[in-house]
Amino acid sequence: MIVFRVLVSFFFISINFIGSWTVFFTGASCLQIMEFAVPEAVKMGEDHQLICQYQLSSAETLYFLRWYKDGNEFFRYMPKETPAHRVYNVSGVRIKTQSSSSTNVLLTNVDAATSGLYRCEVSAEAPGFETADREAQFHVIEGPKGYPFVTVSKGVVDESTVNETIIANCSGMEATPAPQLSWSLASIPIPTEKEFVTHSVQNGIIDSLRLKRTSSTLRLPMYWIASFIEKLERTRRLSDFIQGHFIVLPLRCTSHILGLFEESDTSDIRVLRHLSSTTSPAVPGNRVAVKLAKPSPNSSAAGANTRHGAFTNGSSSIARILDLTLMGIVLTSSTWFAHHC
């Protein structure tokens, strides 16, 4: 029995060892790109480094590393050639060769023409000639110039005008690539469906040749605004926007460019609410509730006397009169019986 257990243990140990060795061997023989870094968005005129860090097995050697922009090769590193670096002329790409190596390339003085799809390709020597590659988009932002500006068709509306629609327009900053615009009401994002928002891109006004300007039109029907106010009321946020008899909702347009630049402009929409007779004028639009104070256990008797004091005092007086009358009747009756017996 002991021999059998030893054989079983040896069998599983052997299986685990062989499995681990297979995984290790397979992973080690595979060329991999361990780190790949291409900035998504940068400012014009800056220098930026592209990184392509790879890993080879101990049995492999590097054949070449190549960089491409939009499918055009602009940099090659081949360790067995002299010189090892080669640079090819591609529009918008300027390389500082002395600061570049087999794992990184330094782009200098980037401009709009530098934007594009960048790809790194690494290949191992014979006999495997294994290849790995990675790619990413690279944007160079020109601008921005100007600021977003919001206009609203009607700044004051009545809550009873259900059929009305508020129209707002926003013109964003000018830049390349064209800025993106987004809307929010009371810091809550507005849906981007075409029912509400339409966008258009035109040539810039400040620089019509190189820059783009994005415009956005927003349509907010009064029924949607009324529903929006009800949601604020349910979440107990409505009181933050009440000013007298108005609910003041800040409408914000934000212009942003790939997370690198962001500017915004705000215009208020003032909604007049009609107060009912049961609503406090100080807090229009809020429901009013009356809450009775709950008396403490030690003050229940005092509270009862306080609320019903007149009735209690009257009852006590009548009771005393009745007690005296009954006592008189009893005494009179006792005297009468004592006299006649």
# chains A, B, ... in the order shown; residues from 1 in each chain; ligands from 1
>>> residues_around(residues="Glu73 of chain A", least_positions_apart="5", cutoff="10 Å", atoms="only C-alpha atoms", output="ChimeraX atom specification")
/A:66-68,87-90,118-120
>>> select_by_dssp(residues="segment 69-303 of chain A", states="alpha helix (DSSP H)", output="VMD selection string")
chain A and resid 222 to 234 300 to 303
>>> atom_distance(atom1="atom CA of Asp70 of chain A", atom2="atom CA of Glu135 of chain A")
10.0 Å
>>> atom_distance(atom1="atom CA of Arg213 of chain A", atom2="atom CA of Glu174 of chain A")
4.7 Å
>>> closest_residue(among="A:Lys194, A:Thr266, A:Glu142, A:Pro39", to="Asp207 of chain A", atoms="only C-alpha atoms")
A:Glu142
>>> residues_around(residues="Leu260 of chain A", least_positions_apart="5", cutoff="10 Å", atoms="only C-alpha atoms", output="ChimeraX atom specification")
/A:40-43,141
>>> select_by_dssp(residues="segment 249-280 of chain A", states="strand (DSSP E)", output="PyMOL selection string")
chain A and resi 249-257+261-272
>>> closest_atom_pairs(of="segment 62-159 of chain A", to="segment 247-256 of chain A", cutoff="10 Å", atoms="only C-alpha atoms", output="tab-separated table")
residue	atom	partner	partner_atom	distance
A:Pro144	CA	A:His256	CA	9.7
A:Tyr147	CA	A:Ser255	CA	8.1
A:Pro148	CA	A:Ser255	CA	6.4
A:Phe149	CA	A:Cys253	CA	7.9
A:Val150	CA	A:Cys253	CA	6.8
A:Thr151	CA	A:Leu251	CA	10.0
A:Val152	CA	A:Leu251	CA	9.1
A:Gly155	CA	A:Val248	CA	9.7
A:Val156	CA	A:Val248	CA	9.2
A:Glu159	CA	A:Ile247	CA	9.9
>>> write_last_selection(atoms="N, CA, C and O atoms", output="compact mmCIF listing (two decimals), in the first residue's frame")
# COMPACT_ATOMS: atom_id res chain seq x y z
N PRO A 144 -5.80 75.18 -29.03
CA PRO A 144 -7.07 75.75 -29.51
C PRO A 144 -7.07 77.28 -29.45
O PRO A 144 -6.26 77.87 -28.74
N TYR A 147 -13.11 80.48 -27.30
CA TYR A 147 -13.80 79.81 -26.20
C TYR A 147 -15.22 79.45 -26.64
O TYR A 147 -15.77 80.08 -27.56
N PRO A 148 -15.83 78.46 -26.01
CA PRO A 148 -17.23 78.13 -26.34
C PRO A 148 -18.17 79.24 -25.88
O PRO A 148 -17.87 79.95 -24.91
N PHE A 149 -19.29 79.39 -26.58
CA PHE A 149 -20.27 80.44 -26.26
C PHE A 149 -21.67 79.87 -26.42
O PHE A 149 -21.99 79.27 -27.44
N VAL A 150 -22.52 80.05 -25.38
CA VAL A 150 -23.87 79.49 -25.37
C VAL A 150 -24.91 80.59 -25.52
O VAL A 150 -24.83 81.63 -24.85
N THR A 151 -25.90 80.37 -26.39
CA THR A 151 -27.07 81.26 -26.50
C THR A 151 -28.33 80.40 -26.34
O THR A 151 -28.37 79.26 -26.81
N VAL A 152 -29.35 80.99 -25.68
CA VAL A 152 -30.60 80.27 -25.41
C VAL A 152 -31.76 81.08 -25.98
O VAL A 152 -31.80 82.31 -25.83
N GLY A 155 -34.74 82.51 -21.98
CA GLY A 155 -34.11 82.28 -20.68
C GLY A 155 -35.09 82.08 -19.56
O GLY A 155 -34.75 81.49 -18.53
N VAL A 156 -36.36 82.58 -19.72
CA VAL A 156 -37.40 82.44 -18.68
C VAL A 156 -38.59 81.73 -19.30
O VAL A 156 -39.12 82.16 -20.33
N GLU A 159 -43.82 77.01 -16.28
CA GLU A 159 -44.00 75.56 -16.21
C GLU A 159 -45.30 75.09 -16.86
O GLU A 159 -45.43 73.93 -17.23
>>> atom_distance(atom1="atom CA of Lys212 of chain A", atom2="atom CA of Asn109 of chain A")
21.6 Å
>>> closest_residue(among="A:Leu62, A:Ala84, A:Val157, A:Leu106", to="Pro221 of chain A", atoms="only C-alpha atoms")
A:Val157
>>> closest_residue(among="A:Val93, A:Ala175, A:Met222, A:Ile167", to="Val197 of chain A", atoms="only C-alpha atoms")
A:Ile167
>>> closest_residue(among="A:Met34, A:Ala59, A:Ile190, A:Ile242", to="Trp224 of chain A", atoms="only C-alpha atoms")
A:Ile190
>>> residues_around(residues="Ile225 of chain A", least_positions_apart="5", cutoff="10 Å", atoms="only C-alpha atoms", output="list of chain:residue names")
A:Glu159, A:Val162, A:Thr165, A:Ile166, A:Leu185, A:Leu220, A:Glu230, A:Lys231, A:Leu249, A:Ile269, A:Val271
>>> write_last_selection(atoms="all heavy atoms", output="mmCIF file, in the first residue's frame")
data_model
loop_
_atom_site.group_PDB
_atom_site.id
_atom_site.type_symbol
_atom_site.label_atom_id
_atom_site.label_comp_id
_atom_site.auth_asym_id
_atom_site.auth_seq_id
_atom_site.Cartn_x
_atom_site.Cartn_y
_atom_site.Cartn_z
ATOM 1 N N GLU A 159 -43.823 77.011 -16.278
ATOM 2 C CA GLU A 159 -44.003 75.556 -16.212
ATOM 3 C C GLU A 159 -45.300 75.088 -16.860
ATOM 4 O O GLU A 159 -45.428 73.927 -17.228
ATOM 5 C CB GLU A 159 -43.971 75.081 -14.753
ATOM 6 C CG GLU A 159 -45.128 75.569 -13.904
ATOM 7 C CD GLU A 159 -45.158 74.938 -12.524
ATOM 8 O OE1 GLU A 159 -44.320 74.062 -12.264
ATOM 9 O OE2 GLU A 159 -46.002 75.339 -11.712
ATOM 10 N N VAL A 162 -46.636 73.709 -21.758
ATOM 11 C CA VAL A 162 -46.151 72.358 -22.065
ATOM 12 C C VAL A 162 -45.675 72.195 -23.500
ATOM 13 O O VAL A 162 -44.798 71.383 -23.768
ATOM 14 C CB VAL A 162 -47.263 71.310 -21.813
ATOM 15 C CG1 VAL A 162 -46.794 70.243 -20.854
ATOM 16 C CG2 VAL A 162 -48.523 71.952 -21.313
ATOM 17 N N THR A 165 -40.650 74.642 -26.680
ATOM 18 C CA THR A 165 -39.332 73.997 -26.777
ATOM 19 C C THR A 165 -38.249 75.055 -26.683
ATOM 20 O O THR A 165 -38.293 76.056 -27.402
ATOM 21 C CB THR A 165 -39.190 73.229 -28.104
ATOM 22 O OG1 THR A 165 -40.165 72.173 -28.152
ATOM 23 C CG2 THR A 165 -37.807 72.603 -28.215
ATOM 24 N N ILE A 166 -37.304 74.828 -25.792
ATOM 25 C CA ILE A 166 -36.167 75.741 -25.648
ATOM 26 C C ILE A 166 -35.060 75.272 -26.593
ATOM 27 O O ILE A 166 -34.705 74.086 -26.612
ATOM 28 C CB ILE A 166 -35.657 75.761 -24.193
ATOM 29 C CG1 ILE A 166 -36.720 76.369 -23.287
ATOM 30 C CG2 ILE A 166 -34.357 76.544 -24.085
ATOM 31 C CD1 ILE A 166 -36.343 76.368 -21.830
ATOM 32 N N LEU A 185 -27.266 69.736 -17.851
ATOM 33 C CA LEU A 185 -28.250 70.600 -17.188
ATOM 34 C C LEU A 185 -28.202 70.295 -15.702
ATOM 35 O O LEU A 185 -28.373 69.141 -15.306
ATOM 36 C CB LEU A 185 -29.650 70.347 -17.749
ATOM 37 C CG LEU A 185 -30.752 71.300 -17.271
ATOM 38 C CD1 LEU A 185 -30.471 72.732 -17.739
ATOM 39 C CD2 LEU A 185 -32.128 70.848 -17.784
ATOM 40 N N LEU A 220 -34.767 71.305 -26.096
ATOM 41 C CA LEU A 220 -35.310 70.783 -24.840
ATOM 42 C C LEU A 220 -36.796 71.118 -24.752
ATOM 43 O O LEU A 220 -37.174 72.253 -24.435
ATOM 44 C CB LEU A 220 -34.569 71.387 -23.632
ATOM 45 C CG LEU A 220 -33.105 70.988 -23.448
ATOM 46 C CD1 LEU A 220 -32.531 71.674 -22.223
ATOM 47 C CD2 LEU A 220 -32.968 69.477 -23.330
ATOM 48 N N GLU A 230 -38.932 66.945 -11.833
ATOM 49 C CA GLU A 230 -39.486 65.916 -10.949
ATOM 50 C C GLU A 230 -38.393 64.967 -10.453
ATOM 51 O O GLU A 230 -38.397 64.561 -9.281
ATOM 52 C CB GLU A 230 -40.572 65.125 -11.680
ATOM 53 C CG GLU A 230 -41.865 65.910 -11.887
ATOM 54 C CD GLU A 230 -42.896 65.105 -12.659
ATOM 55 O OE1 GLU A 230 -42.626 63.908 -12.932
ATOM 56 O OE2 GLU A 230 -43.957 65.663 -12.991
ATOM 57 N N LYS A 231 -37.453 64.634 -11.320
ATOM 58 C CA LYS A 231 -36.338 63.766 -10.899
ATOM 59 C C LYS A 231 -35.477 64.458 -9.852
ATOM 60 O O LYS A 231 -35.037 63.833 -8.879
ATOM 61 C CB LYS A 231 -35.483 63.376 -12.111
ATOM 62 C CG LYS A 231 -36.170 62.425 -13.064
ATOM 63 C CD LYS A 231 -35.291 62.122 -14.265
ATOM 64 C CE LYS A 231 -36.014 61.216 -15.264
ATOM 65 N NZ LYS A 231 -35.209 60.973 -16.486
ATOM 66 N N LEU A 249 -31.945 76.570 -13.554
ATOM 67 C CA LEU A 249 -31.176 75.406 -13.986
ATOM 68 C C LEU A 249 -30.014 75.859 -14.868
ATOM 69 O O LEU A 249 -30.237 76.400 -15.961
ATOM 70 C CB LEU A 249 -32.073 74.436 -14.765
ATOM 71 C CG LEU A 249 -33.303 73.912 -14.012
ATOM 72 C CD1 LEU A 249 -34.177 73.096 -14.961
ATOM 73 C CD2 LEU A 249 -32.895 73.081 -12.813
ATOM 74 N N ILE A 269 -31.442 78.597 -17.365
ATOM 75 C CA ILE A 269 -32.851 78.484 -17.754
ATOM 76 C C ILE A 269 -33.669 78.664 -16.484
ATOM 77 O O ILE A 269 -33.532 77.885 -15.529
ATOM 78 C CB ILE A 269 -33.153 77.121 -18.399
ATOM 79 C CG1 ILE A 269 -32.374 76.973 -19.708
ATOM 80 C CG2 ILE A 269 -34.650 76.965 -18.648
ATOM 81 C CD1 ILE A 269 -32.551 75.621 -20.372
ATOM 82 N N VAL A 271 -37.227 78.631 -14.651
ATOM 83 C CA VAL A 271 -38.578 78.063 -14.777
ATOM 84 C C VAL A 271 -39.456 78.642 -13.678
ATOM 85 O O VAL A 271 -39.170 78.471 -12.477
ATOM 86 C CB VAL A 271 -38.544 76.526 -14.674
ATOM 87 C CG1 VAL A 271 -39.947 75.951 -14.851
ATOM 88 C CG2 VAL A 271 -37.594 75.937 -15.715
#
